[in-house]
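Quick look at run_32.txt (compact mmCIF, C-alpha atoms):
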```
# COMPACT_ATOMS: atom_id res chain seq x y z
CA MET A 1 0.00 0.00 0.00
CA GLN A 2 1.94 3.01 -1.31
CA LEU A 3 -0.14 5.92 -0.13
CA ASP A 4 1.28 8.63 -2.38
CA GLN A 5 0.97 6.47 -5.50
CA ALA A 6 -2.62 5.33 -5.00
CA SER A 7 -5.47 6.56 -7.14
CA THR A 8 -8.67 7.88 -5.61
CA THR A 9 -10.40 4.64 -6.54
CA GLN A 10 -7.72 2.58 -4.80
CA LEU A 11 -7.89 4.79 -1.73
CA ARG A 12 -11.65 4.33 -1.48
CA GLU A 13 -11.29 0.56 -1.81
CA TRP A 14 -8.62 0.52 0.91
CA GLU A 15 -10.75 2.70 3.15
CA THR A 16 -13.69 0.29 2.82
CA THR A 17 -11.54 -2.76 3.60
CA LEU A 18 -9.76 -1.09 6.51
CA ALA A 19 -13.00 0.24 7.98
CA GLN A 20 -14.53 -3.24 7.91
CA GLU A 21 -11.47 -4.66 9.67
CA TYR A 22 -11.64 -1.85 12.22
CA GLN A 23 -15.28 -2.57 13.02
CA GLN A 24 -14.36 -6.20 13.65
CA PHE A 25 -11.72 -5.06 16.14
CA LYS A 26 -14.26 -2.82 17.87
CA ALA A 27 -16.74 -5.66 18.12
CA SER A 28 -14.19 -8.02 19.70
CA GLY A 29 -14.28 -6.24 23.07
CA LEU A 30 -10.54 -5.70 23.51
CA ASN A 31 -9.16 -3.98 26.62
CA LEU A 32 -5.41 -3.59 26.09
CA ASP A 33 -2.98 -1.01 27.44
CA LEU A 34 0.28 0.22 25.88
CA THR A 35 0.52 3.45 27.87
CA ARG A 36 3.21 3.38 30.55
CA GLY A 37 6.72 1.96 30.55
CA LYS A 38 6.74 0.00 33.76
CA PRO A 39 8.11 -3.47 34.47
CA SER A 40 5.84 -6.45 33.98
CA ALA A 41 5.06 -8.86 36.80
CA GLU A 42 7.41 -11.31 35.09
CA GLN A 43 10.25 -8.78 35.41
CA LEU A 44 9.41 -7.94 39.02
CA ASP A 45 9.54 -11.65 39.85
CA LEU A 46 13.25 -11.62 38.93
CA SER A 47 13.98 -9.74 42.15
CA ASP A 48 11.86 -11.69 44.61
CA ALA A 49 14.97 -13.23 46.17
CA MET A 50 15.67 -9.82 47.74
CA ASN A 51 12.83 -10.38 50.19
CA LEU A 52 14.66 -13.11 52.11
CA ILE A 53 18.26 -12.11 51.55
CA LEU A 54 18.92 -10.16 54.76
CA GLY A 55 17.74 -12.60 57.40
CA ASP A 56 18.49 -11.12 60.80
CA ASP A 57 21.75 -9.44 59.73
CA LEU A 58 20.88 -5.74 59.38
CA SER A 59 24.37 -4.28 59.71
CA ASN A 60 26.53 -3.17 56.86
CA GLU A 61 30.27 -3.60 56.26
CA SER A 62 31.14 -1.02 58.92
CA ASN A 63 28.87 -2.72 61.48
CA THR A 64 26.43 0.18 61.50
CA ASP A 65 22.94 -0.70 62.74
CA LEU A 66 20.90 0.25 59.69
CA ARG A 67 17.63 0.21 61.61
CA ASN A 68 18.42 3.59 63.11
CA TYR A 69 18.47 7.20 61.91
CA GLY A 70 21.22 8.80 59.88
CA GLY A 71 23.20 8.16 56.75
CA LEU A 72 21.63 10.85 54.58
CA ASP A 73 23.95 10.08 51.67
CA GLY A 74 23.59 6.28 51.79
CA ILE A 75 25.64 3.29 52.93
CA PRO A 76 29.17 3.00 51.45
CA GLU A 77 28.68 -0.33 49.67
CA CYS A 78 25.57 0.95 47.90
CA LYS A 79 27.37 4.11 46.87
CA ARG A 80 30.20 2.04 45.37
CA LEU A 81 27.80 -0.14 43.38
CA PHE A 82 25.85 2.68 41.79
CA ALA A 83 28.69 5.18 41.45
CA GLU A 84 29.97 2.77 38.80
CA VAL A 85 26.59 2.90 37.01
CA LEU A 86 26.64 6.71 36.92
CA GLY A 87 30.35 6.94 36.19
CA VAL A 88 31.25 9.10 39.19
CA ALA A 89 33.58 8.72 42.18
CA ASN A 90 32.37 7.10 45.39
CA ASP A 91 32.37 10.48 47.14
CA GLU A 92 30.29 12.09 44.38
CA ILE A 93 27.07 10.13 44.89
CA LEU A 94 24.06 10.19 47.17
CA ILE A 95 21.66 7.25 47.57
CA GLY A 96 18.00 8.10 48.03
CA GLY A 97 14.63 6.43 48.24
CA ASN A 98 12.86 4.51 45.52
CA SER A 99 12.32 7.42 43.09
CA SER A 100 14.95 9.27 41.06
CA LEU A 101 12.16 11.65 40.04
CA THR A 102 12.03 12.79 43.66
CA LEU A 103 15.75 13.59 43.60
CA MET A 104 15.36 15.42 40.28
CA TYR A 105 12.43 17.43 41.59
CA PHE A 106 14.39 18.44 44.69
CA ALA A 107 17.41 19.32 42.56
CA VAL A 108 15.36 21.70 40.42
CA LEU A 109 13.51 23.07 43.45
CA PHE A 110 16.71 23.72 45.42
CA ALA A 111 18.42 25.33 42.41
CA GLN A 112 15.44 27.55 41.78
CA ASN A 113 14.85 28.68 45.36
CA GLN A 114 17.73 27.76 47.69
CA GLY A 115 20.78 28.04 45.47
CA PHE A 116 24.07 26.18 45.27
CA GLY A 117 25.77 27.03 48.56
CA ALA A 118 29.32 28.24 47.96
CA LEU A 119 28.87 27.72 44.21
CA GLY A 120 26.26 30.42 43.72
CA ALA A 121 22.86 31.94 44.41
CA SER A 122 19.51 30.53 43.34
CA TRP A 123 18.12 30.92 39.86
CA ALA A 124 15.14 32.85 41.21
CA SER A 125 17.42 35.44 42.80
CA GLU A 126 18.29 36.72 39.33
CA GLY A 127 14.77 38.09 39.02
CA LYS A 128 14.03 36.54 35.62
CA THR A 129 11.87 33.67 34.43
CA THR A 130 13.96 30.49 34.60
CA LYS A 131 14.04 28.50 31.36
CA PHE A 132 14.98 24.92 30.53
CA LEU A 133 15.78 23.24 27.23
CA ALA A 134 13.66 20.19 26.49
CA PRO A 135 14.85 17.77 23.79
CA VAL A 136 11.76 16.47 21.97
CA PRO A 137 10.22 14.02 21.82
CA GLY A 138 11.05 13.51 25.48
CA TYR A 139 9.92 12.40 28.94
CA ASP A 140 6.65 13.95 30.10
CA ARG A 141 7.54 13.85 33.81
CA HIS A 142 10.63 15.96 33.22
CA PHE A 143 8.42 18.54 31.60
CA SER A 144 5.90 18.33 34.45
CA VAL A 145 8.58 19.17 37.04
CA CYS A 146 9.37 22.42 35.25
CA GLU A 147 5.73 23.24 34.59
CA HIS A 148 4.90 22.71 38.26
CA LEU A 149 7.71 25.03 39.38
CA GLY A 150 6.91 27.75 36.85
CA ILE A 151 9.98 27.13 34.69
CA GLU A 152 9.56 27.82 30.98
CA LEU A 153 10.36 24.96 28.62
CA ILE A 154 12.01 25.54 25.24
CA PRO A 155 11.84 22.55 22.86
CA VAL A 156 14.91 21.52 20.87
CA ALA A 157 15.04 18.65 18.41
CA LEU A 158 16.34 15.26 19.54
CA ASN A 159 18.30 13.89 16.60
CA ASP A 160 19.58 10.36 16.05
CA ASP A 161 22.78 11.19 17.98
CA GLY A 162 21.23 13.30 20.75
CA PRO A 163 19.97 16.88 21.14
CA ASP A 164 20.53 19.31 18.25
CA MET A 165 23.69 20.78 19.74
CA ASP A 166 23.95 23.65 17.26
CA ALA A 167 20.55 24.85 18.47
CA VAL A 168 21.39 24.13 22.12
CA GLU A 169 24.64 26.10 22.02
CA ARG A 170 23.04 28.99 20.14
CA LEU A 171 20.21 29.25 22.64
CA VAL A 172 22.32 29.13 25.81
CA LYS A 173 24.77 31.70 24.46
CA ALA A 174 21.94 34.09 23.61
CA ASP A 175 19.88 33.71 26.80
CA PRO A 176 21.55 33.43 30.24
CA SER A 177 18.14 32.74 31.83
CA ILE A 178 18.32 29.25 30.32
CA LYS A 179 19.54 27.32 33.36
CA GLY A 180 19.26 23.67 32.39
CA ILE A 181 18.62 20.95 29.86
CA TRP A 182 16.89 17.61 30.39
CA CYS A 183 18.76 14.60 29.01
CA VAL A 184 17.97 10.87 28.91
CA PRO A 185 21.28 9.96 27.29
CA ARG A 186 21.11 6.19 26.79
CA PHE A 187 17.97 4.72 25.19
CA SER A 188 16.14 8.02 25.45
CA ASN A 189 12.48 8.09 26.39
CA PRO A 190 10.82 7.58 23.94
CA THR A 191 13.14 7.40 20.92
CA GLY A 192 15.77 4.95 22.18
CA THR A 193 18.52 7.38 21.15
CA VAL A 194 22.02 6.87 22.54
CA TYR A 195 23.93 10.15 22.64
CA SER A 196 27.08 10.12 20.53
CA ASP A 197 30.51 10.78 22.03
CA GLN A 198 30.61 14.15 20.26
CA VAL A 199 27.24 15.21 21.66
CA VAL A 200 28.27 14.17 25.18
CA ASP A 201 31.44 16.22 24.85
CA ARG A 202 29.55 19.28 23.65
CA LEU A 203 27.05 18.95 26.51
CA ALA A 204 29.97 18.81 28.93
CA GLN A 205 31.16 22.18 27.61
CA LEU A 206 27.84 23.99 28.10
CA GLY A 207 28.98 25.17 31.52
CA LYS A 208 31.44 27.46 29.72
CA LEU A 209 28.85 28.80 27.25
CA ALA A 210 25.72 29.23 29.35
CA GLY A 211 24.75 31.72 32.03
CA SER A 212 25.69 31.31 35.69
CA ASN A 213 24.81 28.07 37.47
CA PHE A 214 23.67 26.21 34.37
CA ARG A 215 23.10 22.49 34.93
CA VAL A 216 22.79 19.48 32.62
CA PHE A 217 20.18 17.18 34.18
CA TRP A 218 21.55 13.79 33.11
CA ASP A 219 18.76 11.29 33.81
CA ASN A 220 20.50 8.05 32.92
CA ALA A 221 17.37 6.02 33.69
CA TYR A 222 18.19 3.26 31.19
CA ALA A 223 21.96 3.09 31.72
CA VAL A 224 21.99 -0.72 31.99
CA HIS A 225 18.75 -1.51 30.15
CA SER A 226 20.03 -2.86 26.84
CA LEU A 227 18.19 -5.53 24.88
CA SER A 228 21.40 -7.17 23.68
CA ASP A 229 25.05 -7.35 24.68
CA ASP A 230 26.17 -5.39 21.59
CA ALA A 231 24.01 -2.31 22.26
CA PRO A 232 25.92 0.99 21.95
CA GLU A 233 27.67 2.33 25.02
CA LEU A 234 27.49 5.87 26.36
CA ALA A 235 30.44 8.17 26.96
CA ASN A 236 31.09 9.23 30.56
CA ILE A 237 29.92 12.84 30.84
CA MET A 238 31.62 13.42 34.19
CA ASP A 239 34.97 12.45 32.66
CA ARG A 240 34.30 14.91 29.83
CA CYS A 241 33.36 17.60 32.34
CA ARG A 242 36.60 17.04 34.24
CA ALA A 243 38.53 17.45 30.99
CA HIS A 244 36.81 20.79 30.36
CA GLY A 245 36.78 22.02 33.96
CA THR A 246 32.97 21.98 34.15
CA GLU A 247 32.34 19.36 36.84
CA ASP A 248 29.87 21.65 38.62
CA SER A 249 27.64 21.90 35.53
CA VAL A 250 26.12 18.40 35.59
CA TYR A 251 23.73 16.48 37.85
CA LEU A 252 23.43 12.74 37.17
CA PHE A 253 20.48 10.57 38.21
CA GLY A 254 19.47 6.93 38.13
CA SER A 255 17.50 4.31 40.03
CA THR A 256 16.69 0.62 40.26
CA SER A 257 13.03 1.26 39.43
CA LYS A 258 13.30 -0.92 36.32
CA ILE A 259 16.05 -3.14 37.74
CA THR A 260 14.49 -4.56 40.92
CA TYR A 261 11.14 -3.37 42.32
CA ALA A 262 9.67 -0.26 40.71
CA GLY A 263 7.94 0.71 43.94
CA ALA A 264 10.68 -0.36 46.37
CA GLY A 265 14.01 0.33 44.72
CA VAL A 266 16.77 2.82 45.42
CA SER A 267 17.61 6.03 43.58
CA PHE A 268 20.93 7.81 43.26
CA ALA A 269 22.29 11.21 42.29
CA GLY A 270 25.85 11.96 41.22
CA MET A 271 27.45 15.40 41.23
CA SER A 272 30.60 17.29 42.08
CA LYS A 273 31.59 17.57 45.73
CA GLY A 274 30.55 21.22 45.80
CA ASN A 275 27.15 20.46 44.35
CA LEU A 276 26.72 17.45 46.61
CA LYS A 277 27.50 19.48 49.73
CA ALA A 278 24.85 22.09 48.93
CA PHE A 279 22.28 19.52 47.78
CA SER A 280 22.75 17.42 50.92
CA GLN A 281 22.33 20.45 53.17
CA HIS A 282 19.02 21.31 51.51
CA LEU A 283 17.86 17.69 51.46
CA GLY A 284 18.65 17.36 55.17
CA MET A 285 15.86 19.80 55.92
CA SER A 286 13.30 17.28 54.67
CA GLN A 287 14.65 13.97 55.95
CA ILE A 288 17.09 12.41 58.41
CA GLY A 289 18.01 9.48 56.21
CA PRO A 290 16.69 7.10 53.54
CA ASP A 291 15.77 3.43 53.88
CA LYS A 292 19.24 1.99 54.48
CA ILE A 293 17.92 -1.55 54.97
CA ASN A 294 16.55 -1.45 51.43
CA GLN A 295 19.95 -0.24 50.22
CA LEU A 296 21.63 -3.19 51.96
CA ARG A 297 19.35 -5.79 50.43
CA HIS A 298 19.99 -4.33 46.97
CA VAL A 299 23.73 -4.66 47.48
CA ARG A 300 23.48 -8.23 48.73
CA PHE A 301 21.15 -9.16 45.88
CA LEU A 302 22.98 -7.48 42.97
CA LYS A 303 26.45 -7.82 44.57
CA ASP A 304 28.56 -6.00 41.97
CA SER A 305 28.69 -4.86 38.35
CA GLN A 306 28.86 -8.46 37.09
CA GLY A 307 25.82 -9.41 39.15
CA LEU A 308 23.95 -6.37 37.89
CA ALA A 309 24.81 -7.22 34.27
CA ALA A 310 23.59 -10.81 34.69
CA HIS A 311 20.36 -9.57 36.25
CA MET A 312 19.76 -7.16 33.36
CA ARG A 313 20.28 -9.92 30.82
CA ALA A 314 17.38 -11.71 32.49
CA HIS A 315 15.30 -8.54 32.05
CA ALA A 316 16.28 -8.38 28.38
CA ALA A 317 15.13 -11.96 27.88
CA VAL A 318 11.68 -10.89 29.05
CA LEU A 319 11.54 -7.58 27.19
CA LYS A 320 13.08 -8.32 23.80
CA PRO A 321 10.31 -10.67 22.56
CA ARG A 322 7.79 -7.91 23.32
CA PHE A 323 9.74 -5.39 21.26
CA ASP A 324 10.17 -7.96 18.50
CA ILE A 325 6.38 -8.31 18.17
CA VAL A 326 5.90 -4.55 18.00
CA LEU A 327 8.55 -4.15 15.32
CA LYS A 328 7.29 -7.16 13.35
CA HIS A 329 3.83 -5.59 13.04
CA LEU A 330 5.26 -2.21 12.09
CA ARG A 331 7.60 -3.65 9.46
CA GLU A 332 5.06 -5.99 7.93
CA GLY A 333 2.16 -3.56 8.08
CA LEU A 334 3.65 -0.15 7.45
CA ALA A 335 7.13 -0.40 5.90
CA ASP A 336 7.35 1.33 2.51
CA THR A 337 3.79 2.67 2.71
CA GLY A 338 4.71 6.31 3.23
CA MET A 339 2.38 6.39 6.23
CA ALA A 340 4.74 6.33 9.19
CA SER A 341 8.24 6.09 10.61
CA TRP A 342 9.54 4.64 13.88
CA ASN A 343 12.70 3.85 15.79
CA GLU A 344 14.04 0.36 16.43
CA PRO A 345 15.59 0.71 19.89
CA GLN A 346 18.45 -1.38 21.24
CA GLY A 347 17.39 -0.79 24.82
CA GLY A 348 15.04 1.13 27.07
CA TYR A 349 11.30 0.73 27.33
CA PHE A 350 9.69 2.44 24.34
CA VAL A 351 9.18 2.59 20.61
CA SER A 352 8.74 6.11 19.26
CA PHE A 353 6.31 6.17 16.35
CA ASP A 354 5.53 9.05 13.97
CA THR A 355 2.35 9.15 11.92
CA LEU A 356 1.92 11.50 9.01
CA PRO A 357 1.67 15.09 10.30
CA GLY A 358 -1.70 15.82 11.84
CA LEU A 359 -2.76 12.23 12.60
CA ALA A 360 -1.43 11.21 16.02
CA LYS A 361 -4.50 12.28 17.96
CA GLU A 362 -6.81 10.58 15.47
CA VAL A 363 -4.84 7.33 15.64
CA VAL A 364 -4.90 7.38 19.44
CA LYS A 365 -8.66 7.99 19.42
CA LEU A 366 -9.34 5.24 16.88
CA ALA A 367 -7.24 2.80 18.91
CA ALA A 368 -9.00 3.74 22.16
CA ASP A 369 -12.42 3.23 20.58
CA ALA A 370 -11.23 -0.23 19.51
CA GLY A 371 -10.05 -1.12 23.01
CA VAL A 372 -6.32 -0.27 22.83
CA LYS A 373 -5.06 2.47 25.14
CA LEU A 374 -2.05 4.50 24.03
CA THR A 375 -0.09 7.32 25.66
CA PRO A 376 -1.93 10.57 24.79
CA ALA A 377 -0.69 12.24 21.63
CA GLY A 378 1.47 15.21 22.58
CA ALA A 379 2.64 13.71 25.88
CA THR A 380 6.23 13.59 24.63
CA PHE A 381 6.32 17.39 24.16
CA PRO A 382 6.25 20.27 26.67
CA TYR A 383 2.76 21.36 27.64
CA GLY A 384 1.37 18.35 25.74
CA LYS A 385 1.68 20.19 22.42
CA ASP A 386 3.26 18.29 19.55
CA PRO A 387 3.40 20.96 16.82
CA ASP A 388 3.16 18.34 14.09
CA ASN A 389 0.64 16.12 15.92
CA LYS A 390 2.52 13.02 14.82
CA ASN A 391 4.44 11.38 17.72
CA ILE A 392 3.07 8.40 19.64
CA ARG A 393 4.97 6.52 22.36
CA ILE A 394 4.43 2.75 22.42
CA ALA A 395 5.20 1.00 25.72
CA PRO A 396 5.13 -2.80 25.31
CA SER A 397 6.65 -3.95 28.61
CA VAL A 398 3.55 -4.83 30.65
CA PRO A 399 1.12 -6.72 28.36
CA SER A 400 1.59 -10.40 27.55
CA LEU A 401 3.02 -11.42 24.19
CA ASP A 402 -0.46 -12.35 22.95
CA GLU A 403 -1.89 -9.02 24.12
CA ILE A 404 0.85 -7.08 22.37
CA ASP A 405 0.23 -9.06 19.20
CA ARG A 406 -3.47 -8.20 19.25
CA ALA A 407 -2.89 -4.57 20.24
CA MET A 408 -0.40 -3.99 17.44
CA ALA A 409 -2.76 -5.46 14.85
CA VAL A 410 -5.31 -2.85 15.94
CA PHE A 411 -2.71 -0.10 15.99
CA VAL A 412 -1.50 -0.78 12.45
CA ASN A 413 -5.08 -0.83 11.20
CA CYS A 414 -5.76 2.53 12.87
CA VAL A 415 -2.66 4.10 11.32
CA LYS A 416 -3.62 2.88 7.86
CA LEU A 417 -7.25 3.91 8.21
CA ALA A 418 -6.40 7.41 9.44
CA SER A 419 -3.75 7.85 6.73
CA VAL A 420 -6.05 6.79 3.90
CA ARG A 421 -8.87 8.98 5.14
CA GLN A 422 -6.53 11.97 5.39
CA ARG A 423 -5.34 11.35 1.83
CA LEU A 424 -8.93 11.12 0.57
CA SER A 425 -9.84 14.39 2.23
```
Target format structure tokens, applied to this file:
Amino acid sequence: MQLDQASTTQLREWETTLAQEYQQFKASGLNLDLTRGKPSAEQLDLSDAMNLILGDDLSNESNTDLRNYGGLDGIPECKRLFAEVLGVANDEILIGGNSSLTLMYFAVLFAQNQGFGALGASWASEGKTTKFLAPVPGYDRHFSVCEHLGIELIPVALNDDGPDMDAVERLVKADPSIKGIWCVPRFSNPTGTVYSDQVVDRLAQLGKLAGSNFRVFWDNAYAVHSLSDDAPELANIMDRCRAHGTEDSVYLFGSTSKITYAGAGVSFAGMSKGNLKAFSQHLGMSQIGPDKINQLRHVRFLKDSQGLAAHMRAHAAVLKPRFDIVLKHLREGLADTGMASWNEPQGGYFVSFDTLPGLAKEVVKLAADAGVKLTPAGATFPYGKDPDNKNIRIAPSVPSLDEIDRAMAVFVNCVKLASVRQRLS
């Protein structure tokens, strides 16, 4: 089905056939969900051994009783394990609760209102509207943090190798009120992009180009979430920052939310010693210490980088067949039709799909009416506004293989039907 080569008669015939197929889907009473990228029960089961791993030994390597208060920055063995994931030194990391989003929110909040201690005053003290760069399509919860705190978001294109750095550099040079950029550098949400070495190096130099107290928010949420052993690696941004003398310009974040238990994991933030000192002082106003017992059981369960890698290969064995089904339907149903484009990720949790301009909302509505829920069109852009109305994020991790197979059959039908109808109009 080559859309741009079809005659009006062919288009009408296709529309009739596709509409009949669509009505059959509607009549089948489906109730399928491809909306959020969370681990499936099968993935969560991989970590059940954590529940019995501690026994009655609740002391860490320094014989500290972890049942008590204290330890705001985390236990040493947990810091060592996840410092390696972030690519920072053991004294440049803080271990938090189960949500890295919480740490990111606090980091933005503290920067906006409390400042950076000896490194500088708050963004708000400058008396201007704080602005952030938002590579798009991107992660809706990043955008929500800024929206909630009254920070203006400026979209920049996310290319195949990372953010459009020519645009990023031009913008930060021209406007010192731009104080940050959101980055998901390995297997970006939703495109699966892995930032190139050159892009990482240019991001590391933004601290020299931007206004005072600019920060790269490096949310490496999918740092170890590859679908195969030969997936592309990511350059170490902290090493690049050290080379350029910009260590204070980057905050790094991660968590075990998609490694162990999504609702009972540990999060971590990496930053320079100066940043970490100020951040810890602010954080200490809201808590005395995180759940150190949970940190200990993660260390005893994952053990070290080799144990973590083996655990993530088990995750990949669960996830990859789901992605394979999604891509099989897209290739067989939509390749060479001129109706759509999509990424084929080597890790992460999403497939980013583009309809023809102007059709994403219609496809999402058609799918919903046929019993398949998709992430709302526009969710991958600031303020929910996709200027081309074309991007849809597909999240195949939770449904069963059979459910994904049925959902994708509906999805492909909806894309074709909407595309043909647009062409006819």
Find the residues near Met50 in chain A: any atom within 9 Å, counting all atoms listed in the file, skip ones fewer than 2 places away on the same chain, and give them as number ranges by chain.
A: 47-48, 52-54, 260, 297-298, 300-301
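Across the model, the gap from CA of Asn189 in chain A to CA of Glu147 in chain A is 18.5 Å.
Between Tyr383 in chain A and the residues A:Ile404, A:Leu203, A:Val145, A:Ile181, the shortest atom-to-atom distance, using all atoms listed in the file, involves A:Val145.
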Could you tell me, as a list in words, which residues have any atom at most 10 Å from (1.8, -12.0, 21.9), counting only C-alpha atoms?
Pro321, Arg322, Asp324, Ile325, Val326, Pro399, Ser400, Leu401, Asp402, Glu403, Ile404, Asp405, Arg406, Ala407 and Met408 of chain A
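Between CA of Met271 in chain A and CA of Phe132 in chain A the separation is 19.0 Å.
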Identify which of the residues A:Gln112, A:Ser257, A:Thr16, A:Gln287 lies closest to Gln43 in chain A, counting all atoms listed in the file when measuring atom-to-atom distances.
A:Ser257
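Candidate residues A:Pro387, A:Met339, A:Ala235, A:Ser212 were compared for distance to Ser125 in chain A, and the nearest is A:Ser212, using only C-alpha atoms.
We find CA of Glu77 in chain A and CA of Phe187 in chain A to be spaced 27.2 Å apart.
Using all atoms listed in the file, the shortest contact distance between Asp65 in chain A and any of A:Leu296, A:Leu133, A:Met165, A:Ala121 is found at A:Leu296.
Nearest to Val85 in chain A of all the residues A:Met104, A:Ala27, A:Leu32, A:Ala309 is A:Ala309, based on all atoms listed in the file.
The smallest atom-to-atom distance between His282 in chain A and any of A:Tyr195, A:Leu103, A:Lys179, A:Arg423, using all atoms listed in the file, is found for A:Leu103.
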Output as a Markdown table one row per residue of range 180-274 of chain A within 12 Å of range 353-371 of chain A: the closest atom pair and its distance in Å to one decimal place, counting all atoms listed in the file, sorted by chain and residue number ascending.
```
| residue | atom | partner | partner_atom | distance |
| --- | --- | --- | --- | --- |
| A:Asn189 | CA | A:Phe353 | CA | 11.9 |
| A:Pro190 | CA | A:Phe353 | CA | 8.9 |
| A:Thr191 | CA | A:Phe353 | CA | 8.3 |
| A:Gly192 | CA | A:Phe353 | CA | 11.2 |
```
Those same residues, written as a CSV table (one decimal), in the coordinates of the input with C-alpha atoms?
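Output saved as out.csv:
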```csv
chain,number,residue,atom,x,y,z
A,189,ASN,CA,12.5,8.1,26.4
A,190,PRO,CA,10.8,7.6,23.9
A,191,THR,CA,13.1,7.4,20.9
A,192,GLY,CA,15.8,5.0,22.2
```
Kindly provide, as JSON, the centre and edge lengths (Å, one decimal) of an axis-aligned box around all atoms of range 66-80 of chain A given in the file, with 6 Å on each side.
```
{"center_x": 23.9, "center_y": 5.3, "center_z": 54.2, "size_x": 24.6, "size_y": 23.2, "size_z": 29.7}
```
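Taking all atoms listed in the file into account, the residues near (35.1, 18.7, 34.5), no farther than 12 Å, are Val88, Asp201, Leu203, Ala204, Gln205, Leu206, Gly207, Lys208, Asn236, Ile237, Met238, Asp239, Arg240, Cys241, Arg242, Ala243, His244, Gly245, Thr246, Glu247, Asp248, Ser249, Val250, Met271, Ser272 and Lys273 of chain A.
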Show me, as CSV, the residues of range 298-353 of chain A having an atom within 12 Å of range 158-164 of chain A, each with the closest atom pair and its distance in Å, using all atoms listed in the file.
```
residue,atom,partner,partner_atom,distance
A:Trp342,CA,A:Asp160,CA,11.8
A:Asn343,CA,A:Asp160,CA,9.5
A:Glu344,CA,A:Asp160,CA,11.4
A:Pro345,CA,A:Asp160,CA,11.1
A:Ser352,CA,A:Leu158,CA,11.9
```
Do a neighbour search on Leu44 in chain A at 10 Å with only C-alpha atoms, toss out local chain neighbours closer than 5 positions, and write the hits as JSON, numbers by chain.
{"A": [38, 39, 257, 258, 259, 260, 261, 262, 315]}
